[in-house]
>>> print(open('final.pdb').read())   # PDB, C-alpha atoms and all ligand atoms
ATOM      1  CA  MET A  12      14.162 -13.097  31.937  1.00  0.00           C
ATOM      2  CA  HIS A  13      10.564 -12.872  33.143  1.00  0.00           C
ATOM      3  CA  PHE A  14       9.677 -10.324  30.476  1.00  0.00           C
ATOM      4  CA  LEU A  15      10.472 -12.787  27.678  1.00  0.00           C
ATOM      5  CA  LEU A  16       7.292 -14.816  28.211  1.00  0.00           C
ATOM      6  CA  PRO A  17       4.863 -11.994  27.409  1.00  0.00           C
ATOM      7  CA  ILE A  18       6.961 -11.120  24.370  1.00  0.00           C
ATOM      8  CA  GLY A  19       6.796 -14.720  23.132  1.00  0.00           C
ATOM      9  CA  LEU A  20       3.049 -14.756  23.735  1.00  0.00           C
ATOM     10  CA  ALA A  21       2.658 -11.453  21.931  1.00  0.00           C
ATOM     11  CA  VAL A  22       4.473 -12.860  18.898  1.00  0.00           C
ATOM     12  CA  ILE A  23       2.244 -15.960  18.878  1.00  0.00           C
ATOM     13  CA  ILE A  24      -0.954 -13.926  19.315  1.00  0.00           C
ATOM     14  CA  GLY A  25       0.253 -11.550  16.599  1.00  0.00           C
ATOM     15  CA  LEU A  26       0.859 -14.416  14.168  1.00  0.00           C
ATOM     16  CA  VAL A  27      -2.428 -16.191  14.895  1.00  0.00           C
ATOM     17  CA  SER A  28      -4.496 -13.032  14.552  1.00  0.00           C
ATOM     18  CA  TYR A  29      -2.629 -12.172  11.370  1.00  0.00           C
ATOM     19  CA  LEU A  30      -3.427 -15.587   9.860  1.00  0.00           C
ATOM     20  CA  PHE A  31      -7.067 -15.162  10.856  1.00  0.00           C
ATOM     21  CA  SER A  32      -7.225 -11.748   9.281  1.00  0.00           C
ATOM     22  CA  VAL A  33      -5.497 -12.979   6.101  1.00  0.00           C
ATOM     23  CA  ASN A  34      -8.152 -15.669   5.840  1.00  0.00           C
ATOM     24  CA  LYS A  35     -10.967 -13.252   6.564  1.00  0.00           C
ATOM     25  CA  THR A  36      -9.577 -10.723   4.083  1.00  0.00           C
ATOM     26  CA  LYS A  37      -9.330 -13.399   1.410  1.00  0.00           C
ATOM     27  CA  GLN A  38     -12.907 -14.547   2.065  1.00  0.00           C
ATOM     28  CA  ALA A  39     -14.251 -10.989   2.047  1.00  0.00           C
ATOM     29  CA  LEU A  40     -12.340 -10.241  -1.150  1.00  0.00           C
ATOM     30  CA  ASP A  41     -13.490 -13.450  -2.860  1.00  0.00           C
ATOM     31  CA  LEU A  42     -17.115 -12.900  -1.887  1.00  0.00           C
ATOM     32  CA  LYS A  43     -17.227  -9.306  -2.965  1.00  0.00           C
ATOM     33  CA  SER A  44     -15.109  -9.315  -6.102  1.00  0.00           C
ATOM     34  CA  LYS A  45     -15.270 -10.254  -9.746  1.00  0.00           C
ATOM     35  CA  PRO A  46     -12.738 -10.204 -12.596  1.00  0.00           C
ATOM     36  CA  LEU A  47     -12.275  -6.801 -14.201  1.00  0.00           C
ATOM     37  CA  GLN A  48     -13.944  -6.587 -17.599  1.00  0.00           C
ATOM     38  CA  SER A  49     -13.229  -3.402 -19.461  1.00  0.00           C
ATOM     39  CA  PRO A  50     -11.690  -3.470 -22.945  1.00  0.00           C
ATOM     40  CA  GLU A  51     -10.221   0.007 -22.506  1.00  0.00           C
ATOM     41  CA  LEU A  52      -8.446  -0.950 -19.283  1.00  0.00           C
ATOM     42  CA  GLU A  53      -7.568  -4.441 -20.585  1.00  0.00           C
ATOM     43  CA  ASN A  54      -5.456  -2.904 -23.373  1.00  0.00           C
ATOM     44  CA  LYS A  55      -3.332  -0.924 -20.979  1.00  0.00           C
ATOM     45  CA  ILE A  56      -3.096  -3.757 -18.445  1.00  0.00           C
ATOM     46  CA  CYS A  57      -1.781  -5.869 -21.339  1.00  0.00           C
ATOM     47  CA  ALA A  58       0.988  -3.307 -21.844  1.00  0.00           C
ATOM     48  CA  LEU A  59       1.998  -3.771 -18.172  1.00  0.00           C
ATOM     49  CA  ALA A  60       1.918  -7.579 -18.562  1.00  0.00           C
ATOM     50  CA  MET A  61       4.132  -7.403 -21.668  1.00  0.00           C
ATOM     51  CA  ALA A  62       6.655  -5.181 -19.895  1.00  0.00           C
ATOM     52  CA  LEU A  63       6.816  -7.848 -17.160  1.00  0.00           C
ATOM     53  CA  ASP A  64       7.123 -10.702 -19.712  1.00  0.00           C
ATOM     54  CA  LEU A  65       3.775 -12.080 -18.597  1.00  0.00           C
ATOM     55  CA  THR A  66       1.142 -13.367 -21.012  1.00  0.00           C
ATOM     56  CA  HIS A  67      -1.707 -12.222 -18.801  1.00  0.00           C
ATOM     57  CA  LEU A  68      -2.337 -10.150 -15.710  1.00  0.00           C
ATOM     58  CA  ASN A  69      -5.428 -10.822 -13.610  1.00  0.00           C
ATOM     59  CA  VAL A  70      -7.074  -7.810 -12.010  1.00  0.00           C
ATOM     60  CA  ASN A  71     -10.234  -8.028  -9.901  1.00  0.00           C
ATOM     61  CA  VAL A  72     -12.841  -5.488  -8.917  1.00  0.00           C
ATOM     62  CA  TYR A  73     -13.601  -5.358  -5.188  1.00  0.00           C
ATOM     63  CA  ASN A  74     -17.174  -4.248  -4.691  1.00  0.00           C
ATOM     64  CA  ILE A  75     -16.813  -1.427  -2.153  1.00  0.00           C
ATOM     65  CA  GLU A  76     -17.339   2.288  -2.629  1.00  0.00           C
ATOM     66  CA  THR A  77     -13.950   3.444  -1.283  1.00  0.00           C
ATOM     67  CA  ILE A  78     -11.479   4.636  -3.915  1.00  0.00           C
ATOM     68  CA  ASN A  79      -8.487   2.378  -3.639  1.00  0.00           C
ATOM     69  CA  GLY A  80      -6.275  -0.303  -5.093  1.00  0.00           C
ATOM     70  CA  LEU A  81      -5.023  -3.239  -3.079  1.00  0.00           C
ATOM     71  CA  ALA A  82      -2.789  -6.272  -3.212  1.00  0.00           C
ATOM     72  CA  ALA A  83      -3.893  -9.339  -1.246  1.00  0.00           C
ATOM     73  CA  PRO A  84      -1.271 -11.293   0.733  1.00  0.00           C
ATOM     74  CA  GLY A  85      -1.485 -14.006  -1.960  1.00  0.00           C
ATOM     75  CA  GLY A  86      -0.467 -11.480  -4.634  1.00  0.00           C
ATOM     76  CA  GLN A  87      -3.859 -10.889  -6.313  1.00  0.00           C
ATOM     77  CA  ILE A  88      -4.475  -7.323  -7.441  1.00  0.00           C
ATOM     78  CA  TYR A  89      -7.758  -5.485  -6.866  1.00  0.00           C
ATOM     79  CA  ILE A  90      -9.190  -2.115  -7.697  1.00  0.00           C
ATOM     80  CA  THR A  91     -12.343  -1.023  -5.912  1.00  0.00           C
ATOM     81  CA  GLN A  92     -15.747  -0.522  -7.503  1.00  0.00           C
ATOM     82  CA  GLY A  93     -15.672   3.077  -6.219  1.00  0.00           C
ATOM     83  CA  PHE A  94     -12.518   3.671  -8.209  1.00  0.00           C
ATOM     84  CA  LEU A  95     -13.963   1.989 -11.315  1.00  0.00           C
ATOM     85  CA  SER A  96     -17.079   4.185 -11.042  1.00  0.00           C
ATOM     86  CA  LYS A  97     -14.857   7.288 -11.138  1.00  0.00           C
ATOM     87  CA  PHE A  98     -13.367   5.872 -14.335  1.00  0.00           C
ATOM     88  CA  ASN A  99     -16.813   5.138 -15.820  1.00  0.00           C
ATOM     89  CA  LYS A 100     -17.852   8.723 -15.060  1.00  0.00           C
ATOM     90  CA  GLY A 101     -14.741  10.019 -16.794  1.00  0.00           C
ATOM     91  CA  GLU A 102     -13.271  11.533 -13.616  1.00  0.00           C
ATOM     92  CA  VAL A 103     -10.290   9.203 -13.666  1.00  0.00           C
ATOM     93  CA  SER A 104      -8.547   8.056 -16.866  1.00  0.00           C
ATOM     94  CA  ALA A 105      -7.711   4.478 -17.880  1.00  0.00           C
ATOM     95  CA  THR A 106      -3.979   5.172 -17.551  1.00  0.00           C
ATOM     96  CA  GLU A 107      -4.526   6.636 -14.084  1.00  0.00           C
ATOM     97  CA  ILE A 108      -6.250   3.418 -12.976  1.00  0.00           C
ATOM     98  CA  VAL A 109      -3.446   1.378 -14.532  1.00  0.00           C
ATOM     99  CA  SER A 110      -0.859   3.427 -12.612  1.00  0.00           C
ATOM    100  CA  VAL A 111      -2.510   2.196  -9.391  1.00  0.00           C
ATOM    101  CA  ILE A 112      -2.358  -1.391 -10.645  1.00  0.00           C
ATOM    102  CA  ALA A 113       1.371  -0.834 -11.340  1.00  0.00           C
ATOM    103  CA  HIS A 114       1.798   0.492  -7.772  1.00  0.00           C
ATOM    104  CA  GLU A 115       0.047  -2.566  -6.291  1.00  0.00           C
ATOM    105  CA  LEU A 116       2.181  -4.858  -8.466  1.00  0.00           C
ATOM    106  CA  GLY A 117       5.143  -3.098  -6.859  1.00  0.00           C
ATOM    107  CA  HIS A 118       3.938  -4.056  -3.359  1.00  0.00           C
ATOM    108  CA  VAL A 119       3.680  -7.691  -4.488  1.00  0.00           C
ATOM    109  CA  ALA A 120       6.980  -7.785  -6.420  1.00  0.00           C
ATOM    110  CA  LEU A 121       8.947  -6.108  -3.620  1.00  0.00           C
ATOM    111  CA  GLY A 122       7.562  -8.573  -1.058  1.00  0.00           C
ATOM    112  CA  HIS A 123       5.678  -5.945   0.984  1.00  0.00           C
ATOM    113  CA  THR A 124       2.445  -7.952   1.165  1.00  0.00           C
ATOM    114  CA  ARG A 125       4.232 -11.041   2.512  1.00  0.00           C
ATOM    115  CA  ARG A 126       6.571  -9.145   4.810  1.00  0.00           C
ATOM    116  CA  ARG A 127       3.646  -7.545   6.633  1.00  0.00           C
ATOM    117  CA  MET A 128       3.110 -10.863   8.400  1.00  0.00           C
ATOM    118  CA  ILE A 129       6.500 -10.587  10.086  1.00  0.00           C
ATOM    119  CA  ASP A 130       6.071  -6.840  10.663  1.00  0.00           C
ATOM    120  CA  PHE A 131       2.728  -7.326  12.344  1.00  0.00           C
ATOM    121  CA  SER A 132       3.917  -9.836  14.944  1.00  0.00           C
ATOM    122  CA  GLY A 133       7.209  -7.976  15.309  1.00  0.00           C
ATOM    123  CA  GLN A 134       5.365  -4.755  16.098  1.00  0.00           C
ATOM    124  CA  ASN A 135       3.248  -6.494  18.707  1.00  0.00           C
ATOM    125  CA  ALA A 136       6.325  -7.971  20.355  1.00  0.00           C
ATOM    126  CA  LEU A 137       8.090  -4.610  20.313  1.00  0.00           C
ATOM    127  CA  ARG A 138       5.014  -2.901  21.777  1.00  0.00           C
ATOM    128  CA  THR A 139       4.861  -5.420  24.635  1.00  0.00           C
ATOM    129  CA  ALA A 140       8.604  -5.382  25.329  1.00  0.00           C
ATOM    130  CA  LEU A 141       8.786  -1.592  25.348  1.00  0.00           C
ATOM    131  CA  SER A 142       5.614  -1.267  27.442  1.00  0.00           C
ATOM    132  CA  ILE A 143       6.885  -3.659  30.113  1.00  0.00           C
ATOM    133  CA  THR A 144      10.329  -2.077  30.194  1.00  0.00           C
ATOM    134  CA  LEU A 145       9.117   1.533  30.271  1.00  0.00           C
ATOM    135  CA  ASN A 146       6.365   0.748  32.785  1.00  0.00           C
ATOM    136  CA  ARG A 147       9.064   0.007  35.378  1.00  0.00           C
ATOM    137  CA  PHE A 148      10.432   3.517  35.119  1.00  0.00           C
ATOM    138  CA  ILE A 149       7.321   5.527  34.258  1.00  0.00           C
ATOM    139  CA  PRO A 150       4.081   3.737  35.168  1.00  0.00           C
ATOM    140  CA  VAL A 151       1.067   4.365  32.854  1.00  0.00           C
ATOM    141  CA  ILE A 152       2.840   6.993  30.756  1.00  0.00           C
ATOM    142  CA  GLY A 153       5.628   4.527  29.886  1.00  0.00           C
ATOM    143  CA  PRO A 154       3.364   2.066  28.027  1.00  0.00           C
ATOM    144  CA  TRP A 155       1.589   4.998  26.360  1.00  0.00           C
ATOM    145  CA  LEU A 156       4.950   6.291  25.108  1.00  0.00           C
ATOM    146  CA  ALA A 157       5.852   2.776  23.944  1.00  0.00           C
ATOM    147  CA  ASN A 158       2.666   2.612  21.890  1.00  0.00           C
ATOM    148  CA  LEU A 159       3.315   6.001  20.405  1.00  0.00           C
ATOM    149  CA  ALA A 160       6.881   5.055  19.465  1.00  0.00           C
ATOM    150  CA  VAL A 161       5.815   1.808  17.786  1.00  0.00           C
ATOM    151  CA  THR A 162       3.018   3.595  15.904  1.00  0.00           C
ATOM    152  CA  ILE A 163       5.521   6.122  14.563  1.00  0.00           C
ATOM    153  CA  ILE A 164       8.005   3.407  13.566  1.00  0.00           C
ATOM    154  CA  ALA A 165       5.240   1.415  11.829  1.00  0.00           C
ATOM    155  CA  ALA A 166       4.021   4.508   9.957  1.00  0.00           C
ATOM    156  CA  ARG A 167       7.582   5.194   8.856  1.00  0.00           C
ATOM    157  CA  MET A 168       8.036   1.662   7.522  1.00  0.00           C
ATOM    158  CA  SER A 169       4.732   1.789   5.722  1.00  0.00           C
ATOM    159  CA  ARG A 170       5.621   5.150   4.129  1.00  0.00           C
ATOM    160  CA  LYS A 171       8.893   3.627   2.945  1.00  0.00           C
ATOM    161  CA  ASP A 172       6.884   0.844   1.252  1.00  0.00           C
ATOM    162  CA  GLU A 173       4.711   3.435  -0.487  1.00  0.00           C
ATOM    163  CA  PHE A 174       7.728   5.255  -1.942  1.00  0.00           C
ATOM    164  CA  GLU A 175       9.222   1.947  -3.090  1.00  0.00           C
ATOM    165  CA  ALA A 176       5.967   0.833  -4.740  1.00  0.00           C
ATOM    166  CA  ASP A 177       5.702   4.253  -6.448  1.00  0.00           C
ATOM    167  CA  SER A 178       9.219   3.898  -7.727  1.00  0.00           C
ATOM    168  CA  TYR A 179       8.465   0.415  -9.086  1.00  0.00           C
ATOM    169  CA  ALA A 180       5.304   1.777 -10.736  1.00  0.00           C
ATOM    170  CA  THR A 181       7.246   4.627 -12.385  1.00  0.00           C
ATOM    171  CA  ALA A 182       9.753   2.166 -13.870  1.00  0.00           C
ATOM    172  CA  LEU A 183       6.963  -0.143 -15.051  1.00  0.00           C
ATOM    173  CA  MET A 184       4.850   2.663 -16.545  1.00  0.00           C
ATOM    174  CA  LEU A 185       7.906   3.948 -18.440  1.00  0.00           C
ATOM    175  CA  LYS A 186       8.819   0.467 -19.672  1.00  0.00           C
ATOM    176  CA  SER A 187       5.218  -0.158 -20.809  1.00  0.00           C
ATOM    177  CA  GLY A 188       5.219   3.062 -22.809  1.00  0.00           C
ATOM    178  CA  LEU A 189       2.323   4.437 -20.745  1.00  0.00           C
ATOM    179  CA  GLY A 190       4.377   7.284 -19.295  1.00  0.00           C
ATOM    180  CA  ILE A 191       4.072   8.590 -15.757  1.00  0.00           C
ATOM    181  CA  GLN A 192       2.015  11.714 -16.255  1.00  0.00           C
ATOM    182  CA  SER A 193      -1.028   9.750 -15.053  1.00  0.00           C
ATOM    183  CA  GLN A 194       0.758   8.405 -11.989  1.00  0.00           C
ATOM    184  CA  LYS A 195       1.371  11.989 -10.913  1.00  0.00           C
ATOM    185  CA  SER A 196      -1.987  13.454 -11.935  1.00  0.00           C
ATOM    186  CA  LEU A 197      -3.861  10.725 -10.060  1.00  0.00           C
ATOM    187  CA  LEU A 198      -1.962  11.430  -6.829  1.00  0.00           C
ATOM    188  CA  GLN A 199      -2.928  15.073  -7.125  1.00  0.00           C
ATOM    189  CA  LYS A 200      -6.575  14.142  -7.759  1.00  0.00           C
ATOM    190  CA  LEU A 201      -6.658  11.741  -4.796  1.00  0.00           C
ATOM    191  CA  ASN A 202      -5.258  14.453  -2.612  1.00  0.00           C
ATOM    192  CA  LYS A 203      -8.255  16.631  -3.452  1.00  0.00           C
ATOM    193  CA  LEU A 204     -10.708  13.750  -3.026  1.00  0.00           C
ATOM    194  CA  THR A 205      -9.411  12.720   0.392  1.00  0.00           C
ATOM    195  CA  GLY A 206      -8.786  16.305   1.523  1.00  0.00           C
ATOM    196  CA  GLY A 207      -8.178  16.550   5.288  1.00  0.00           C
ATOM    197  CA  ALA A 208      -5.269  14.074   5.532  1.00  0.00           C
ATOM    198  CA  GLU A 209      -2.721  16.861   5.050  1.00  0.00           C
ATOM    199  CA  SER A 210      -3.443  18.235   8.514  1.00  0.00           C
ATOM    200  CA  VAL A 211      -2.407  15.015  10.294  1.00  0.00           C
ATOM    201  CA  PRO A 212       1.208  15.233  11.542  1.00  0.00           C
ATOM    202  CA  ALA A 213       3.394  13.363   9.054  1.00  0.00           C
ATOM    203  CA  TRP A 214       4.910  10.974  11.654  1.00  0.00           C
ATOM    204  CA  PHE A 215       1.540   9.278  12.187  1.00  0.00           C
ATOM    205  CA  MET A 216       0.614   8.916   8.566  1.00  0.00           C
ATOM    206  CA  SER A 217       1.030   5.482   7.021  1.00  0.00           C
ATOM    207  CA  HIS A 218       0.872   7.098   3.576  1.00  0.00           C
ATOM    208  CA  PRO A 219       3.224   9.899   2.568  1.00  0.00           C
ATOM    209  CA  LYS A 220       1.699  13.162   1.412  1.00  0.00           C
ATOM    210  CA  ALA A 221       0.808  13.313  -2.281  1.00  0.00           C
ATOM    211  CA  GLY A 222       3.154  16.248  -2.865  1.00  0.00           C
ATOM    212  CA  GLU A 223       6.116  14.310  -1.455  1.00  0.00           C
ATOM    213  CA  ARG A 224       5.232  11.293  -3.568  1.00  0.00           C
ATOM    214  CA  VAL A 225       5.054  13.365  -6.763  1.00  0.00           C
ATOM    215  CA  LYS A 226       8.440  14.931  -5.934  1.00  0.00           C
ATOM    216  CA  ALA A 227       9.997  11.476  -5.431  1.00  0.00           C
ATOM    217  CA  ILE A 228       8.472  10.239  -8.706  1.00  0.00           C
ATOM    218  CA  GLU A 229       9.923  13.238 -10.555  1.00  0.00           C
ATOM    219  CA  LEU A 230      13.375  12.577  -9.086  1.00  0.00           C
ATOM    220  CA  ASN A 231      13.267   9.053 -10.551  1.00  0.00           C
ATOM    221  CA  GLU A 232      11.885  10.353 -13.815  1.00  0.00           C
ATOM    222  CA  LYS A 233      14.740  12.835 -14.144  1.00  0.00           C
ATOM    223  CA  LYS A 234      17.271  10.133 -13.231  1.00  0.00           C
ATOM    224  CA  TRP A 235      15.884   7.586 -15.696  1.00  0.00           C
ATOM    225  CA  THR A 236      14.760   9.737 -18.636  1.00  0.00           C
ATOM    226  CA  GLY A 237      16.764  12.920 -18.191  1.00  0.00           C
ATOM    227  CA  THR A 238      13.609  15.032 -18.166  1.00  0.00           C
ATOM    228  CA  VAL A 239      10.390  15.672 -16.223  1.00  0.00           C
ATOM    229  CA  SER A 240       7.027  15.304 -18.005  1.00  0.00           C
TER     230      SER A 240
HETATM  231 ZN    ZN A 301       0.629   1.398  -1.642  1.00  0.00          ZN
END
>>> encode(input="final.pdb", output="structure tokens", more="lines below")
Ligand SMILES: [Zn+2]
Amino acid sequence: MHFLLPIGLAVIIGLVSYLFSVNKTKQALDLKSKPLQSPELENKICALAMALDLTHLNVNVYNIETINGLAAPGGQIYITQGFLSKFNKGEVSATEIVSVIAHELGHVALGHTRRRMIDFSGQNALRTALSITLNRFIPVIGPWLANLAVTIIAARMSRKDEFEADSYATALMLKSGLGIQSQKSLLQKLNKLTGGAESVPAWFMSHPKAGERVKAIELNEKKWTGTVS
């Protein structure tokens, strides 16, 4: 019984720190972002909105240099300034940017952004429980193993989310008439831009490898359209 108290505490600490970080994230995002204003992108974002039966879809630009898209826990969608700059320089196409927006919409629609709250405290509790239990049998190395195991499980869950969001994006891009060529070409470009990630063992990676993602996208494409573009 005595190991239940630290687990309970871990859950509470996990929840409180999550709420703090949600708040901080929201503040940082609000301070450093502005609504996206680009007629060329607007047109294509409109196509996504129509496919979702929405009259309008708000997208914001987060003023950091990293190349990324993100969905805030409240459901707002952001692309980074770094990503937008690539578009302005002609290195990334409008449809490629929109494919990232579709992917982020997937995270929101499939409840990934909200579920992370439960995952976060759950992971902390699991880490503590496993550490305490394993420490009885193998001191020092036990807790280290527990951490490793939880990290691998968390990476696995997060990879699953990525495949699901990709799959949602493929369906949405097809429905919007934008096609999925850009979804695939962007993944291949990002792979080149971020380089080194491929050497990290796959169990630790929170994002699946680009090649695996493209393969999964093509499986859906074949299933839904009968052909691969
Ligand atoms: Zn994602």
>>> atom_distance(input="final.pdb", atom1="CA of Leu185 (chain A)", atom2="CA of Lys55 (chain A)")
12.5 Å
>>> residues_near_point(input="final.pdb", point="(6.4, -6.1, 24.0)", cutoff="12 Å", atoms="all atoms listed in the file", output="number ranges by chain")
A: 14-25, 132-146, 154, 157-158, 161
>>> write_last_selection(input="final.pdb", atoms="C-alpha atoms", output="JSON list (two decimals), keeping the file's coordinate frame")
[["chain", "number", "residue", "atom", "x", "y", "z"],
["A", 14, "PHE", "CA", 9.68, -10.32, 30.48],
["A", 15, "LEU", "CA", 10.47, -12.79, 27.68],
["A", 16, "LEU", "CA", 7.29, -14.82, 28.21],
["A", 17, "PRO", "CA", 4.86, -11.99, 27.41],
["A", 18, "ILE", "CA", 6.96, -11.12, 24.37],
["A", 19, "GLY", "CA", 6.80, -14.72, 23.13],
["A", 20, "LEU", "CA", 3.05, -14.76, 23.74],
["A", 21, "ALA", "CA", 2.66, -11.45, 21.93],
["A", 22, "VAL", "CA", 4.47, -12.86, 18.90],
["A", 23, "ILE", "CA", 2.24, -15.96, 18.88],
["A", 24, "ILE", "CA", -0.95, -13.93, 19.32],
["A", 25, "GLY", "CA", 0.25, -11.55, 16.60],
["A", 132, "SER", "CA", 3.92, -9.84, 14.94],
["A", 133, "GLY", "CA", 7.21, -7.98, 15.31],
["A", 134, "GLN", "CA", 5.36, -4.76, 16.10],
["A", 135, "ASN", "CA", 3.25, -6.49, 18.71],
["A", 136, "ALA", "CA", 6.32, -7.97, 20.36],
["A", 137, "LEU", "CA", 8.09, -4.61, 20.31],
["A", 138, "ARG", "CA", 5.01, -2.90, 21.78],
["A", 139, "THR", "CA", 4.86, -5.42, 24.64],
["A", 140, "ALA", "CA", 8.60, -5.38, 25.33],
["A", 141, "LEU", "CA", 8.79, -1.59, 25.35],
["A", 142, "SER", "CA", 5.61, -1.27, 27.44],
["A", 143, "ILE", "CA", 6.88, -3.66, 30.11],
["A", 144, "THR", "CA", 10.33, -2.08, 30.19],
["A", 145, "LEU", "CA", 9.12, 1.53, 30.27],
["A", 146, "ASN", "CA", 6.36, 0.75, 32.78],
["A", 154, "PRO", "CA", 3.36, 2.07, 28.03],
["A", 157, "ALA", "CA", 5.85, 2.78, 23.94],
["A", 158, "ASN", "CA", 2.67, 2.61, 21.89],
["A", 161, "VAL", "CA", 5.82, 1.81, 17.79]]
>>> residues_near_ligand(input="final.pdb", ligand="ligand ZN 301 (chain A)", cutoff="8 Å", atoms="only C-alpha atoms and all ligand atoms", output="list in words")
Gly80, Leu81, His114, Glu115, His118, Asp172, Glu173, Ala176, Asp177 and His218 of chain A
>>> residues_around(input="final.pdb", residues="Val103 (chain A)", least_positions_apart="4", cutoff="10 Å", atoms="all atoms listed in the file", output="PDB file with C-alpha atoms, in the frame of the given file")
ATOM      1  CA  PHE A  94     -12.518   3.671  -8.209  1.00  0.00           C
ATOM      2  CA  LEU A  95     -13.963   1.989 -11.315  1.00  0.00           C
ATOM      3  CA  SER A  96     -17.079   4.185 -11.042  1.00  0.00           C
ATOM      4  CA  LYS A  97     -14.857   7.288 -11.138  1.00  0.00           C
ATOM      5  CA  PHE A  98     -13.367   5.872 -14.335  1.00  0.00           C
ATOM      6  CA  ASN A  99     -16.813   5.138 -15.820  1.00  0.00           C
ATOM      7  CA  GLU A 107      -4.526   6.636 -14.084  1.00  0.00           C
ATOM      8  CA  ILE A 108      -6.250   3.418 -12.976  1.00  0.00           C
ATOM      9  CA  SER A 193      -1.028   9.750 -15.053  1.00  0.00           C
ATOM     10  CA  SER A 196      -1.987  13.454 -11.935  1.00  0.00           C
ATOM     11  CA  LEU A 197      -3.861  10.725 -10.060  1.00  0.00           C
ATOM     12  CA  LYS A 200      -6.575  14.142  -7.759  1.00  0.00           C
ATOM     13  CA  LEU A 201      -6.658  11.741  -4.796  1.00  0.00           C
TER      14      LEU A 201
END
>>> resolve_selection(input="final.pdb", expression="the PyMOL selection byres (((chain A and resi 44-48) around 10) and not hetatm)", output="PyMOL selection string")
chain A and resi 38-43+49-53+69-75+89-92+95
>>> atom_distance(input="final.pdb", atom1="CA of Ser217 (chain A)", atom2="CA of Ala166 (chain A)")
4.3 Å
>>> atom_distance(input="final.pdb", atom1="CA of Ser187 (chain A)", atom2="CA of Leu68 (chain A)")
13.5 Å
>>> resolve_selection(input="final.pdb", expression="the PyMOL selection byres (((chain A and resi 189-191) around 8) and not hetatm)", output="PDB file with C-alpha atoms, keeping the file's coordinate frame")
ATOM      1  CA  LYS A  55      -3.332  -0.924 -20.979  1.00  0.00           C
ATOM      2  CA  ALA A  58       0.988  -3.307 -21.844  1.00  0.00           C
ATOM      3  CA  THR A 106      -3.979   5.172 -17.551  1.00  0.00           C
ATOM      4  CA  SER A 110      -0.859   3.427 -12.612  1.00  0.00           C
ATOM      5  CA  THR A 181       7.246   4.627 -12.385  1.00  0.00           C
ATOM      6  CA  MET A 184       4.850   2.663 -16.545  1.00  0.00           C
ATOM      7  CA  LEU A 185       7.906   3.948 -18.440  1.00  0.00           C
ATOM      8  CA  LYS A 186       8.819   0.467 -19.672  1.00  0.00           C
ATOM      9  CA  SER A 187       5.218  -0.158 -20.809  1.00  0.00           C
ATOM     10  CA  GLY A 188       5.219   3.062 -22.809  1.00  0.00           C
ATOM     11  CA  GLN A 192       2.015  11.714 -16.255  1.00  0.00           C
ATOM     12  CA  SER A 193      -1.028   9.750 -15.053  1.00  0.00           C
ATOM     13  CA  GLN A 194       0.758   8.405 -11.989  1.00  0.00           C
ATOM     14  CA  LYS A 195       1.371  11.989 -10.913  1.00  0.00           C
ATOM     15  CA  SER A 240       7.027  15.304 -18.005  1.00  0.00           C
TER      16      SER A 240
END
>>> residues_near_point(input="final.pdb", point="(-0.8, -16.4, -1.8)", cutoff="10 Å", atoms="only C-alpha atoms", output="JSON, numbers by chain")
{"A": [33, 37, 83, 84, 85, 86, 87, 124, 125]}
>>> axis_aligned_box(input="final.pdb", around="region 14-28 of chain A", padding_each_side="5 Å", output="lines of an AutoDock Vina configuration file")
center_x = 3.0
center_y = -13.3
center_z = 22.3
size_x = 25.0
size_y = 15.9
size_z = 26.3
>>> closest_atom_pairs(input="final.pdb", of="region 110-153 of chain A", to="region 60-64 of chain A", cutoff="12 Å", atoms="all atoms listed in the file", output="Markdown table")
| residue | atom | partner | partner_atom | distance |
| --- | --- | --- | --- | --- |
| A:Ile112 | CA | A:Ala60 | CA | 10.9 |
| A:Ala113 | CA | A:Ala60 | CA | 9.9 |
| A:Leu116 | CA | A:Leu63 | CA | 10.3 |
| A:Gly117 | CA | A:Leu63 | CA | 11.5 |
| A:Ala120 | CA | A:Leu63 | CA | 10.7 |
>>> build_atoms(input="final.pdb", residues="region 43-51 of chain A", atoms="N, CA and C atoms", output="tab-separated table (two decimals), in the coordinates of the input")
chain	number	residue	atom	x	y	z
A	43	LYS	N	-16.79	-10.60	-2.45
A	43	LYS	CA	-17.23	-9.31	-2.96
A	43	LYS	C	-16.45	-8.85	-4.19
A	44	SER	N	-15.85	-9.78	-4.93
A	44	SER	CA	-15.11	-9.32	-6.10
A	44	SER	C	-15.38	-10.17	-7.33
A	45	LYS	N	-15.12	-9.56	-8.47
A	45	LYS	CA	-15.27	-10.25	-9.75
A	45	LYS	C	-14.14	-9.81	-10.67
A	46	PRO	N	-13.83	-10.62	-11.70
A	46	PRO	CA	-12.74	-10.20	-12.60
A	46	PRO	C	-13.08	-8.89	-13.31
A	47	LEU	N	-12.08	-8.08	-13.50
A	47	LEU	CA	-12.28	-6.80	-14.20
A	47	LEU	C	-12.58	-7.06	-15.68
A	48	GLN	N	-13.63	-6.45	-16.18
A	48	GLN	CA	-13.94	-6.59	-17.60
A	48	GLN	C	-14.17	-5.22	-18.21
A	49	SER	N	-13.13	-4.70	-18.81
A	49	SER	CA	-13.23	-3.40	-19.46
A	49	SER	C	-12.18	-3.36	-20.56
A	50	PRO	N	-12.64	-3.42	-21.82
A	50	PRO	CA	-11.69	-3.47	-22.94
A	50	PRO	C	-10.67	-2.34	-22.90
A	51	GLU	N	-11.13	-1.14	-22.51
A	51	GLU	CA	-10.22	0.01	-22.51
A	51	GLU	C	-9.10	-0.18	-21.49
